[in-house]
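Data from query-v5.cif: mmCIF, C-alpha atoms and all ligand atoms
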```
data_structure
#
loop_
_atom_site.label_atom_id
_atom_site.label_comp_id
_atom_site.auth_asym_id
_atom_site.auth_seq_id
_atom_site.Cartn_x
_atom_site.Cartn_y
_atom_site.Cartn_z
CA MET A 1 -10.26 73.33 76.25
CA HIS A 2 -8.11 70.22 76.35
CA GLU A 3 -4.42 70.04 76.22
CA HIS A 4 -4.12 68.32 72.89
CA VAL A 5 -5.46 71.46 71.20
CA PHE A 6 -2.04 72.99 71.82
CA MET A 7 -0.03 70.09 70.59
CA GLN A 8 1.99 70.41 67.46
CA ARG A 9 2.13 67.56 65.03
CA LYS A 10 5.20 65.51 64.31
CA ASP A 11 7.23 66.24 61.21
CA GLU A 12 7.01 62.93 59.33
CA ASN A 13 10.05 63.72 57.19
CA MET A 14 12.48 64.39 60.02
CA LYS A 15 15.47 62.01 60.08
CA PHE A 16 17.96 61.28 62.85
CA GLU A 17 20.64 62.65 60.51
CA ASP A 18 18.92 66.07 60.76
CA LEU A 19 19.35 66.21 64.52
CA LYS A 20 23.10 67.02 64.64
CA LEU A 21 23.99 63.87 66.57
CA ASN A 22 27.59 62.68 66.40
CA ASN A 23 28.65 59.56 64.52
CA ALA A 24 28.83 57.35 67.58
CA LEU A 25 25.19 58.11 68.38
CA LEU A 26 24.07 57.74 64.77
CA ALA A 27 25.77 54.33 64.80
CA ALA A 28 23.66 53.45 67.86
CA VAL A 29 20.53 54.66 66.05
CA HIS A 30 21.28 52.36 63.12
CA ARG A 31 22.29 49.41 65.25
CA LYS A 32 19.04 49.69 67.21
CA GLY A 33 17.06 49.98 64.02
CA PHE A 34 15.41 53.31 64.88
CA GLU A 35 14.07 54.51 61.55
CA LYS A 36 13.13 58.02 62.50
CA PRO A 37 12.95 60.12 65.61
CA THR A 38 9.79 59.94 67.69
CA GLU A 39 7.86 63.13 68.28
CA ILE A 40 9.49 63.82 71.63
CA GLN A 41 12.97 63.11 70.27
CA GLU A 42 12.39 65.47 67.40
CA LYS A 43 11.38 68.23 69.80
CA ILE A 44 13.71 67.64 72.73
CA ILE A 45 17.02 66.74 71.07
CA PRO A 46 17.75 70.07 69.30
CA LEU A 47 16.87 72.14 72.38
CA ALA A 48 18.74 69.83 74.76
CA LEU A 49 21.84 69.98 72.56
CA GLU A 50 21.72 73.77 72.93
CA GLY A 51 21.79 73.29 76.70
CA ARG A 52 18.26 74.49 77.38
CA ASP A 53 16.31 73.46 80.48
CA LEU A 54 13.29 71.46 79.39
CA ILE A 55 10.00 70.26 80.75
CA GLY A 56 8.63 67.35 78.74
CA GLN A 57 5.10 66.22 79.29
CA ALA A 58 5.37 62.68 78.01
CA ARG A 59 5.28 59.14 79.18
CA THR A 60 7.62 56.20 78.98
CA GLY A 61 7.11 54.42 75.69
CA THR A 62 7.44 57.62 73.69
CA GLY A 63 11.19 57.27 73.19
CA LYS A 64 11.81 59.65 76.06
CA THR A 65 14.99 57.95 77.29
CA ALA A 66 16.76 58.51 73.99
CA ALA A 67 15.30 62.03 73.82
CA PHE A 68 17.26 63.07 76.91
CA GLY A 69 19.91 60.36 76.55
CA PHE A 70 21.30 61.30 73.14
CA PRO A 71 21.99 64.97 73.97
CA ILE A 72 23.58 64.02 77.30
CA LEU A 73 25.71 61.30 75.71
CA GLN A 74 26.84 63.70 73.02
CA ARG A 75 28.00 66.26 75.55
CA ILE A 76 29.62 64.02 78.14
CA ASN A 77 33.34 63.42 78.20
CA PRO A 78 33.75 59.63 78.63
CA ALA A 79 37.34 60.08 79.70
CA SER A 80 36.63 62.43 82.61
CA HIS A 81 35.64 59.63 85.06
CA VAL A 82 33.38 61.88 87.08
CA ILE A 83 29.61 61.82 87.38
CA GLU A 84 28.34 64.28 84.81
CA ALA A 85 24.71 63.22 84.62
CA LEU A 86 22.12 62.12 87.17
CA VAL A 87 18.77 60.63 86.19
CA VAL A 88 16.28 60.33 89.05
CA VAL A 89 13.42 57.86 88.51
CA PRO A 90 10.61 56.62 90.78
CA THR A 91 11.07 52.83 90.79
CA ARG A 92 13.75 50.16 90.73
CA GLU A 93 12.34 48.70 87.54
CA LEU A 94 12.52 52.02 85.81
CA ALA A 95 16.05 52.64 87.14
CA LEU A 96 17.18 49.36 85.57
CA GLN A 97 15.24 49.92 82.38
CA VAL A 98 16.53 53.47 81.86
CA LYS A 99 20.09 52.47 82.72
CA GLU A 100 19.96 49.57 80.27
CA GLU A 101 18.58 51.75 77.49
CA LEU A 102 21.20 54.46 78.14
CA ALA A 103 24.03 51.93 78.33
CA ASP A 104 22.87 50.49 75.04
CA LEU A 105 22.64 53.89 73.37
CA ALA A 106 26.10 54.66 74.78
CA ARG A 107 27.82 51.55 73.43
CA GLU A 108 29.65 53.34 70.61
CA SER A 109 30.17 56.50 72.69
CA ARG A 110 31.78 54.44 75.47
CA VAL A 111 30.08 56.33 78.25
CA GLN A 112 29.62 54.33 81.48
CA CYS A 113 26.22 54.21 83.18
CA MET A 114 25.16 52.77 86.47
CA ALA A 115 21.90 52.29 88.35
CA VAL A 116 21.45 52.65 92.11
CA PHE A 117 18.23 51.58 93.80
CA GLY A 118 16.87 50.06 96.97
CA GLY A 119 16.46 46.33 97.41
CA GLN A 120 20.02 45.53 96.41
CA SER A 121 23.03 45.64 98.71
CA ILE A 122 24.20 49.19 99.23
CA ASN A 123 27.80 47.95 99.59
CA VAL A 124 27.73 46.14 96.27
CA GLN A 125 26.39 49.23 94.55
CA ALA A 126 28.96 51.42 96.31
CA GLN A 127 31.71 49.14 95.00
CA HIS A 128 30.37 49.41 91.46
CA LEU A 129 30.47 53.17 91.77
CA GLN A 130 34.22 52.91 92.03
CA ARG A 131 34.17 52.15 88.32
CA LYS A 132 33.48 55.87 87.95
CA PRO A 133 30.39 55.95 85.77
CA SER A 134 29.61 59.21 83.97
CA ILE A 135 25.86 58.69 84.28
CA VAL A 136 24.04 57.55 87.41
CA VAL A 137 20.40 56.51 87.28
CA GLY A 138 18.80 56.18 90.69
CA THR A 139 15.73 56.09 92.85
CA PRO A 140 15.34 58.93 95.37
CA GLY A 141 15.69 56.82 98.52
CA ARG A 142 18.93 55.13 97.53
CA LEU A 143 20.36 58.37 96.15
CA MET A 144 19.67 60.01 99.51
CA ASP A 145 21.48 57.15 101.29
CA PHE A 146 24.51 57.55 99.07
CA MET A 147 24.53 61.31 99.38
CA ARG A 148 24.36 61.08 103.17
CA GLN A 149 27.31 58.69 103.16
CA ARG A 150 29.12 60.95 100.69
CA VAL A 151 29.61 58.00 98.36
CA LEU A 152 28.37 59.94 95.36
CA ASP A 153 30.25 63.01 94.24
CA PHE A 154 28.12 65.37 92.18
CA LYS A 155 30.60 68.30 92.14
CA HIS A 156 31.06 67.93 88.38
CA LEU A 157 27.44 67.30 87.56
CA LYS A 158 26.28 69.00 84.36
CA PHE A 159 22.97 67.27 83.62
CA LEU A 160 20.02 66.43 85.82
CA VAL A 161 17.00 64.49 84.57
CA LEU A 162 13.91 64.10 86.75
CA ASP A 163 11.95 61.33 85.11
CA GLU A 164 8.29 60.61 85.87
CA ALA A 165 8.26 63.49 88.32
CA ASP A 166 4.54 63.14 89.03
CA LYS A 167 4.94 59.48 89.90
CA MET A 168 7.81 60.33 92.26
CA PHE A 169 5.60 62.91 93.97
CA ASP A 170 2.72 60.42 94.16
CA MET A 171 5.05 57.96 95.84
CA GLY A 172 5.96 60.53 98.49
CA PHE A 173 9.45 61.41 97.28
CA GLN A 174 8.76 65.15 97.11
CA GLU A 175 11.06 66.08 99.99
CA ASP A 176 13.81 63.67 98.94
CA ILE A 177 13.82 65.22 95.50
CA GLN A 178 13.98 68.76 96.88
CA MET A 179 16.87 67.65 99.06
CA ILE A 180 18.77 65.90 96.26
CA VAL A 181 18.32 68.75 93.79
CA SER A 182 19.31 71.42 96.30
CA GLN A 183 22.67 69.69 96.81
CA LEU A 184 23.60 69.65 93.12
CA PRO A 185 25.67 72.32 91.33
CA LYS A 186 23.45 75.22 90.21
CA GLU A 187 25.20 75.49 86.88
CA ARG A 188 23.63 72.54 85.20
CA GLN A 189 21.06 71.62 82.59
CA THR A 190 17.83 70.24 84.01
CA MET A 191 15.26 68.19 82.13
CA LEU A 192 12.04 67.26 83.86
CA PHE A 193 9.61 64.69 82.50
CA SER A 194 6.14 64.09 83.79
CA ALA A 195 3.00 62.58 82.34
CA THR A 196 0.91 65.15 84.19
CA MET A 197 1.73 68.63 85.42
CA PRO A 198 0.09 69.17 88.82
CA GLU A 199 0.89 72.32 90.79
CA PRO A 200 3.69 70.88 93.00
CA ILE A 201 5.60 69.79 89.89
CA ARG A 202 5.23 73.22 88.31
CA ARG A 203 6.56 74.76 91.53
CA LEU A 204 9.52 72.39 91.55
CA ALA A 205 10.31 73.48 88.00
CA GLU A 206 9.96 77.16 88.94
CA VAL A 207 12.37 76.83 91.86
CA HIS A 208 14.99 74.51 90.39
CA MET A 209 15.03 75.21 86.67
CA LYS A 210 16.21 78.15 84.58
CA GLN A 211 13.81 80.96 83.76
CA ASP A 212 13.95 80.38 80.01
CA LYS A 213 13.04 76.71 80.25
CA GLU A 214 11.10 75.27 77.35
CA TYR A 215 7.86 73.34 77.81
CA ILE A 216 7.21 70.48 75.43
CA ASN A 217 4.05 68.45 75.31
CA VAL A 218 3.69 65.41 73.16
CA SER A 219 0.32 64.08 72.23
CA GLU A 220 1.21 60.46 72.92
CA ASP A 221 -1.52 59.91 75.51
CA LYS A 222 -4.17 61.10 73.11
CA LEU A 223 -2.73 59.08 70.23
CA THR A 224 -2.44 55.94 72.30
CA VAL A 225 -6.03 56.25 73.36
CA ASP A 226 -7.05 56.55 69.72
CA GLU A 227 -5.45 53.22 68.98
CA VAL A 228 -7.19 51.38 71.79
CA ASP A 229 -10.65 49.93 71.25
CA GLN A 230 -12.38 50.77 74.49
CA TYR A 231 -15.29 48.97 76.09
CA PHE A 232 -17.03 48.73 79.40
CA ILE A 233 -19.10 45.98 80.97
CA ALA A 234 -21.71 46.63 83.62
CA VAL A 235 -21.27 43.84 86.11
CA ASP A 236 -22.47 43.06 89.57
CA HIS A 237 -19.73 43.22 92.17
CA LYS A 238 -20.14 39.54 93.03
CA GLN A 239 -19.87 38.44 89.41
CA LYS A 240 -16.63 40.22 88.61
CA VAL A 241 -14.33 37.20 88.91
CA SER A 242 -16.49 34.85 86.84
CA MET A 243 -17.00 37.60 84.27
CA LEU A 244 -13.26 38.18 84.10
CA SER A 245 -12.33 34.55 83.68
CA ALA A 246 -15.04 34.07 81.04
CA LEU A 247 -13.78 37.14 79.22
CA LEU A 248 -10.12 36.07 79.30
CA LYS A 249 -11.03 32.63 77.99
CA HIS A 250 -13.55 33.84 75.43
CA LYS A 251 -11.14 36.37 73.99
CA ASN A 252 -8.21 33.99 74.29
CA VAL A 253 -6.12 36.77 75.81
CA GLN A 254 -2.45 35.99 75.24
CA ARG A 255 -0.94 38.97 76.98
CA GLY A 256 -3.19 41.02 79.18
CA VAL A 257 -2.85 43.23 82.23
CA VAL A 258 -5.64 43.27 84.80
CA PHE A 259 -5.63 46.30 87.07
CA CYS A 260 -6.90 46.22 90.65
CA ARG A 261 -6.99 48.94 93.25
CA THR A 262 -5.25 47.21 96.15
CA GLN A 263 -2.38 44.80 96.63
CA ARG A 264 -4.69 42.42 98.49
CA THR A 265 -7.09 42.25 95.56
CA VAL A 266 -4.16 41.62 93.23
CA ASP A 267 -2.96 38.65 95.27
CA TRP A 268 -6.45 37.29 95.75
CA LEU A 269 -7.55 37.71 92.15
CA SER A 270 -4.43 36.12 90.68
CA ARG A 271 -5.02 33.11 92.92
CA MET A 272 -8.68 32.91 91.86
CA LEU A 273 -7.72 33.04 88.18
CA ARG A 274 -5.08 30.36 88.58
CA GLY A 275 -7.72 28.27 90.28
CA LYS A 276 -9.77 28.61 87.10
CA GLY A 277 -6.89 27.38 84.97
CA ILE A 278 -5.69 30.78 83.77
CA ARG A 279 -1.97 31.47 83.78
CA ALA A 280 -2.07 34.63 85.87
CA GLU A 281 0.53 36.15 88.19
CA ALA A 282 0.40 38.98 90.68
CA MET A 283 2.64 42.02 90.66
CA HIS A 284 2.63 44.89 93.14
CA GLY A 285 4.85 47.13 95.20
CA ALA A 286 4.92 45.01 98.36
CA GLN A 287 6.68 42.13 96.62
CA ARG A 288 10.38 41.57 96.89
CA GLN A 289 12.40 42.73 93.95
CA THR A 290 13.44 39.20 92.97
CA GLN A 291 9.80 38.16 92.93
CA ARG A 292 8.82 41.13 90.77
CA ASN A 293 11.62 40.37 88.32
CA ARG A 294 10.56 36.75 88.13
CA VAL A 295 6.94 37.67 87.40
CA LEU A 296 7.97 40.22 84.84
CA ASP A 297 10.26 37.74 83.07
CA ALA A 298 7.50 35.12 83.01
CA PHE A 299 5.09 37.63 81.53
CA LYS A 300 7.54 38.97 78.97
CA SER A 301 8.50 35.48 77.84
CA GLY A 302 4.85 34.38 77.59
CA ARG A 303 4.97 31.76 80.35
CA THR A 304 2.33 33.85 82.06
CA ASN A 305 -0.54 35.30 80.02
CA ILE A 306 -2.11 37.57 82.56
CA LEU A 307 -0.42 40.07 84.82
CA VAL A 308 -2.67 41.11 87.68
CA SER A 309 -1.35 44.37 89.02
CA THR A 310 -1.88 47.57 90.94
CA ASN A 311 -1.15 50.87 89.21
CA LEU A 312 2.51 49.98 89.61
CA VAL A 313 2.75 48.87 86.01
CA SER A 314 0.36 51.46 84.65
CA ARG A 315 3.32 53.67 83.97
CA GLY A 316 6.95 53.32 83.38
CA LEU A 317 7.32 49.69 82.57
CA HIS A 318 7.90 48.89 78.99
CA ILE A 319 6.30 45.60 78.03
CA GLU A 320 5.75 44.90 74.37
CA ASP A 321 2.66 43.49 72.72
CA ILE A 322 0.10 43.79 75.50
CA THR A 323 -3.11 42.98 73.69
CA HIS A 324 -5.64 43.67 76.45
CA VAL A 325 -5.95 45.90 79.47
CA ILE A 326 -8.76 45.13 81.86
CA ASN A 327 -9.81 47.49 84.60
CA PHE A 328 -11.10 44.98 87.12
CA ASP A 329 -11.35 47.81 89.63
CA PHE A 330 -12.44 51.13 88.24
CA PRO A 331 -9.56 53.63 87.99
CA GLN A 332 -9.79 56.39 90.57
CA GLU A 333 -8.73 59.23 88.25
CA PRO A 334 -9.29 59.75 84.53
CA GLU A 335 -5.52 60.07 84.19
CA THR A 336 -5.06 56.65 85.76
CA TYR A 337 -7.45 55.29 83.16
CA VAL A 338 -5.38 56.78 80.35
CA HIS A 339 -2.12 55.50 81.81
CA ARG A 340 -3.50 52.04 82.35
CA ILE A 341 -4.95 51.62 78.89
CA GLY A 342 -1.81 53.15 77.40
CA ARG A 343 -0.02 49.90 78.30
CA THR A 344 -1.58 48.40 75.19
CA ALA A 345 -1.55 49.61 71.58
CA ARG A 346 2.11 50.50 71.44
CA GLN A 347 4.23 51.03 68.39
CA GLY A 348 1.37 51.21 65.95
CA LYS A 349 -0.45 48.08 67.09
CA ARG A 350 -4.07 48.19 68.17
CA GLY A 351 -5.16 47.12 71.61
CA GLU A 352 -8.31 46.56 73.58
CA ALA A 353 -9.30 47.97 76.96
CA ILE A 354 -12.25 46.71 78.96
CA THR A 355 -13.45 48.40 82.12
CA PHE A 356 -15.72 46.79 84.68
CA CYS A 357 -18.35 49.14 86.07
CA THR A 358 -20.18 48.02 89.18
CA ASN A 359 -22.37 51.08 89.71
CA LEU A 360 -23.86 54.08 88.03
CA LEU A 361 -21.24 56.47 89.33
CA GLU A 362 -18.55 54.55 87.49
CA VAL A 363 -20.52 54.66 84.26
CA GLN A 364 -20.91 58.41 84.68
CA GLU A 365 -17.19 58.70 85.35
CA LEU A 366 -16.55 56.94 82.02
CA LYS A 367 -18.46 59.76 80.31
CA LYS A 368 -15.99 62.21 81.81
CA ILE A 369 -13.12 60.08 80.52
CA GLU A 370 -14.72 60.10 77.07
CA ASP A 371 -14.83 63.89 77.20
CA ILE A 372 -11.19 64.13 78.19
CA THR A 373 -9.85 61.63 75.69
CA GLY A 374 -12.30 62.34 72.89
CA ALA A 375 -12.71 58.58 72.41
CA ARG A 376 -15.84 56.44 72.68
CA ILE A 377 -16.12 53.71 75.27
CA LYS A 378 -18.70 51.23 74.06
CA GLU A 379 -20.72 48.92 76.23
CA ILE A 380 -20.29 45.19 75.82
CA ARG A 381 -23.33 43.17 76.80
CA PRO A 382 -22.16 39.58 77.12
CA VAL A 383 -24.90 37.16 76.15
CA GLN A 384 -24.48 35.01 79.21
CA LYS A 385 -23.99 37.96 81.53
CA VAL A 386 -24.91 36.52 84.86
CA GLN A 387 -27.45 38.52 86.83
CA ALA A 388 -25.56 41.78 86.45
CA GLN A 389 -27.46 44.80 87.72
CA PRO A 390 -28.66 46.91 84.82
CA VAL A 391 -26.41 49.94 84.93
CA HIS A 392 -26.82 52.55 82.23
CA ALA A 393 -25.59 56.01 81.68
CA PRO A 394 -28.16 58.70 82.35
P1 LIG B 1 11.22 54.84 76.22
O1 LIG B 1 10.01 55.73 76.04
O2 LIG B 1 12.45 55.64 76.31
O3 LIG B 1 11.03 53.84 77.30
O4 LIG B 1 11.38 54.01 74.85
C1 LIG B 1 10.47 53.03 74.47
C2 LIG B 1 11.08 52.07 73.47
O5 LIG B 1 11.14 52.67 72.18
C3 LIG B 1 12.48 51.59 73.77
O6 LIG B 1 12.53 50.20 73.57
C4 LIG B 1 13.35 52.29 72.76
O7 LIG B 1 14.50 51.53 72.42
C5 LIG B 1 12.42 52.45 71.60
N1 LIG B 1 12.71 53.65 70.79
C6 LIG B 1 13.21 54.82 71.22
N2 LIG B 1 13.34 55.67 70.19
C7 LIG B 1 12.89 55.04 69.10
C8 LIG B 1 12.77 55.41 67.72
N3 LIG B 1 13.11 56.62 67.29
N4 LIG B 1 12.29 54.49 66.85
C9 LIG B 1 11.92 53.26 67.30
N5 LIG B 1 12.01 52.85 68.58
C10 LIG B 1 12.48 53.73 69.48
#
```

Render the structure in this file as structure tokens.
Amino acid sequence: MHEHVFMQRKDENMKFEDLKLNNALLAAVHRKGFEKPTEIQEKIIPLALEGRDLIGQARTGTGKTAAFGFPILQRINPASHVIEALVVVPTRELALQVKEELADLARESRVQCMAVFGGQSINVQAQHLQRKPSIVVGTPGRLMDFMRQRVLDFKHLKFLVLDEADKMFDMGFQEDIQMIVSQLPKERQTMLFSATMPEPIRRLAEVHMKQDKEYINVSEDKLTVDEVDQYFIAVDHKQKVSMLSALLKHKNVQRGVVFCRTQRTVDWLSRMLRGKGIRAEAMHGAQRQTQRNRVLDAFKSGRTNILVSTNLVSRGLHIEDITHVINFDFPQEPETYVHRIGRTARQGKRGEAITFCTNLLEVQELKKIEDITGARIKEIRPVQKVQAQPVHAP
């Protein structure tokens, strides 16, 4: 039985006014033009306002930041000038993105937020901390640095959010997180968000969260998949690049993400595409932060049409209006597939996902993905498909 069987539907009539948010937060809701709460907001906000520990199985893009942000902002005292909330996130991009969203939601509430992350001068960030933010958003490594140097004082901490916990574990931050959490006051409210719930994450929740914690699952992954038209193309390994460039040109892809398995392939493929006159740029974890920001800006502003990336952007980053996701390299896990294709078809728009299969095993793997997502992945047979090996499902 699949998870979505257990998922409750969203109440279409629920309004933000029903969620017992204060006027400052309702003013933020109106200013930002949020018409009604998303599913996760509707489920998390009432419980979080009661002070319950929560596990939310949901991804970025579901309105998760406001789901934990509103209740925290409502219950923080902006005049106390101590750190009352800590949000731990896996990447620098997400730290900045979450901090910006929280700061924006907090405009009327006048709560100060700050982000700390690697790749920027530790001294500059330490100086900023003297402004006494109430909310700190940080990546595990930099938080550990600051805690070791006793720059951050969490004595008065009341709220802890672990965001994208599975991603943090995947990135090897498991011990850092254990260490950070074990140094925080025990009397606090903890909210943990994760797109998947593998055993180590469940254990973390068992050890560090209250017994009566609530588990909330939103069906976003399933819904997103429903809104993506999914295809695969059987293609010979050697023909992948020419197939890709033909596809991007034929479909006139304005904003697409091409996923590769390794950083080397990302660099190489983006060069190959540029050589074929396609405005493509590479993005992966080995790049400097300034470079990543530059690429991201170019992509967001439309100067670049194609972002060639590792799984780095398959989660967490919020980029609007991605029309196509192409799995140049086959995703290693069905979950990776879902996360990757979930970058398109956001906010009610449809999107298209195309997966290259270079052997029979990959085609069989797609069948498994179909079973998990309940969606069909249709084969595209390009007319001028060049010498591709015939690869068919059994
Ligand atoms: P997040 O999942 O927190 O990254 O949020 C994704 C995007 O959705 C952000 O740009 C939010 O500002 C936006 N958002 C959050 N809540 C709502 C809502 N209730 N209605 C419309 N947009 C929202």

Original post:
Contacts of range 28-36 of chain A at 8 Å or less, counting all atoms listed in the file, minus same-chain residues fewer than 6 places along, as an NGL selection string?
Top reply: :A and (14-16 or 104-108)

Using only C-alpha atoms, please write the residues we just selected to a file, as a PDB file, in the frame of the given file.
```pdb
ATOM      1  CA  MET A  14      12.480  64.390  60.020  1.00  0.00           C
ATOM      2  CA  LYS A  15      15.470  62.010  60.080  1.00  0.00           C
ATOM      3  CA  PHE A  16      17.960  61.280  62.850  1.00  0.00           C
ATOM      4  CA  ASP A 104      22.870  50.490  75.040  1.00  0.00           C
ATOM      5  CA  LEU A 105      22.640  53.890  73.370  1.00  0.00           C
ATOM      6  CA  ALA A 106      26.100  54.660  74.780  1.00  0.00           C
ATOM      7  CA  ARG A 107      27.820  51.550  73.430  1.00  0.00           C
ATOM      8  CA  GLU A 108      29.650  53.340  70.610  1.00  0.00           C
TER       9      GLU A 108
END
```

**OP:** Please extract the residues at most 6 Å from ligand LIG 1 (chain B), counting only C-alpha atoms and all ligand atoms, and provide them as a list in words, using the chain letters and residue numbers of this document.
**Re:** Phe34, Glu35, Lys36, Pro37, Thr38, Thr60, Gly61, Thr62, Gly63, Lys64, Thr65 and Ala66 of chain A

**OP:** Counting all atoms listed in the file, find the residues whose atoms lie at most 9 Å from (-10.4, 61.0, 79.5) (file coordinates) and write them out as a VMD selection string.
**Re:** chain A and resid 222 225 334 to 335 337 to 338 366 to 375

Subject >> Spatial neighbours of Phe259 in chain A, max dist 8 Å, all atoms listed in the file, sep filter under 5 positions, as a list in words >> reply: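 Listing them by chain and then by number gives Val266, Val308, Ser309, Thr310, Asn311, Val325, Ile326, Asn327, Phe328, Asp329 and Arg340 of chain A.
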
Resulting file, chosen residues, C-alpha atoms, as an mmCIF file, keeping the file's coordinate frame:
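Heads up, here's the output in selection_23.cif:
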```
data_model
loop_
_atom_site.group_PDB
_atom_site.id
_atom_site.type_symbol
_atom_site.label_atom_id
_atom_site.label_comp_id
_atom_site.auth_asym_id
_atom_site.auth_seq_id
_atom_site.Cartn_x
_atom_site.Cartn_y
_atom_site.Cartn_z
ATOM 1 C CA VAL A 266 -4.160 41.620 93.230
ATOM 2 C CA VAL A 308 -2.670 41.110 87.680
ATOM 3 C CA SER A 309 -1.350 44.370 89.020
ATOM 4 C CA THR A 310 -1.880 47.570 90.940
ATOM 5 C CA ASN A 311 -1.150 50.870 89.210
ATOM 6 C CA VAL A 325 -5.950 45.900 79.470
ATOM 7 C CA ILE A 326 -8.760 45.130 81.860
ATOM 8 C CA ASN A 327 -9.810 47.490 84.600
ATOM 9 C CA PHE A 328 -11.100 44.980 87.120
ATOM 10 C CA ASP A 329 -11.350 47.810 89.630
ATOM 11 C CA ARG A 340 -3.500 52.040 82.350
#
```

Original post:
To one decimal place, how far is CA of Ile380 in chain A from CA of His324 in chain A in Å?
Top reply: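 Separation between CA of Ile380 in chain A and CA of His324 in chain A: 14.7 Å.
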
Please produce, as a Markdown table, a per-residue contact table for range 216-321 of chain A versus range 117-141 of chain A (criterion: any atom at most 9 Å away, all atoms listed in the file considered), showing the nearest atom pair and its distance in Å to one decimal, sorted by chain then residue number.
```
| residue | atom | partner | partner_atom | distance |
| --- | --- | --- | --- | --- |
| A:Arg288 | CA | A:Gly119 | CA | 7.7 |
| A:Gln289 | CA | A:Gly119 | CA | 6.4 |
| A:Thr290 | CA | A:Gly119 | CA | 8.9 |
```

**OP:** Identify, on the basis of all atoms listed in the file, every residue whose closest approach to range 17-22 of chain A does not exceed 7 Å; exclude the query and any residue fewer than 5 positions from it along the same chain; express the result as a VMD selection string.
**Re:** chain A and resid 45 to 46 74

Store the residues picked out above in a file with C-alpha atoms, as a compact mmCIF listing (two decimals), in the coordinates of the input.
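Ended up saving to out.txt:
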```txt
# COMPACT_ATOMS: atom_id res chain seq x y z
CA ILE A 45 17.02 66.74 71.07
CA PRO A 46 17.75 70.07 69.30
CA GLN A 74 26.84 63.70 73.02
```

**OP:** With a distance cut-off of 7 Å and only C-alpha atoms, select the neighbouring residues of Ala67 in chain A, excluding the residue or stretch itself and same-chain residues fewer than 6 positions from it, and output the selection as a list in words.
**Re:** Ile40, Gln41, Ile44 and Ile45 of chain A

Subject >> Among listed residues A:Ala234, A:Leu312, A:Met191, A:Ile177, nearest Glu362 in chain A (using all atoms listed in the file) >> reply: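 That would be A:Ala234, the residue with the smallest distance to Glu362 in chain A.
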
Original post:
Given the choices A:Val235, A:Leu143, A:Leu54, A:Arg75, which gets closest to Val88 in chain A if the distance is worked out from only C-alpha atoms?
Top reply: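 When distances to Val88 in chain A are compared using only C-alpha atoms, the smallest one comes from A:Leu143.
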
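A straight line drawn from CA of Ile354 in chain A to CA of Lys378 in chain A is 9.3 Å long.
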
Subject >> Local residues around (-4.5, 39.4, 97.6), at most 12 Å away, using all atoms listed in the file, as number ranges by chain >> reply: A: 260-273, 281-284, 286-287, 308-310

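Taking CA of Glu50 in chain A and CA of Ile83 in chain A as endpoints, the distance between them is 20.3 Å.
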
Original post:
Looking at all atoms listed in the file, which of A:Asn293, A:Pro78, A:Tyr215, A:Ile72 is the one that sits closest to Arg202 in chain A?
Top reply: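 Comparing A:Asn293, A:Pro78, A:Tyr215, A:Ile72 against Arg202 in chain A, the winner is A:Tyr215.
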
Original post:
Contacts of His237 in chain A at 6 Å or less, counting all atoms listed in the file, minus same-chain residues fewer than 2 places along, as a PyMOL selection string?
Top reply: chain A and resi 239-240+358

**OP:** Find the residue from A:Glu333, A:Asn359, A:Met171, A:Arg52 that sits nearest to Asp236 in chain A; use only C-alpha atoms when measuring.
**Re:**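 Answer, going by the shortest atom-to-atom distance: A:Asn359.
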
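If you measure from each of A:Gln332, A:Thr323, A:Thr355, A:Gln230 to Ile377 in chain A using all atoms listed in the file, the closest one turns out to be A:Gln230.
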
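Each of A:Gln178, A:Ser109, A:Gln254, A:Ser80 was checked against Ala27 in chain A using all atoms listed in the file; the smallest atom-to-atom distance is that of A:Ser109.
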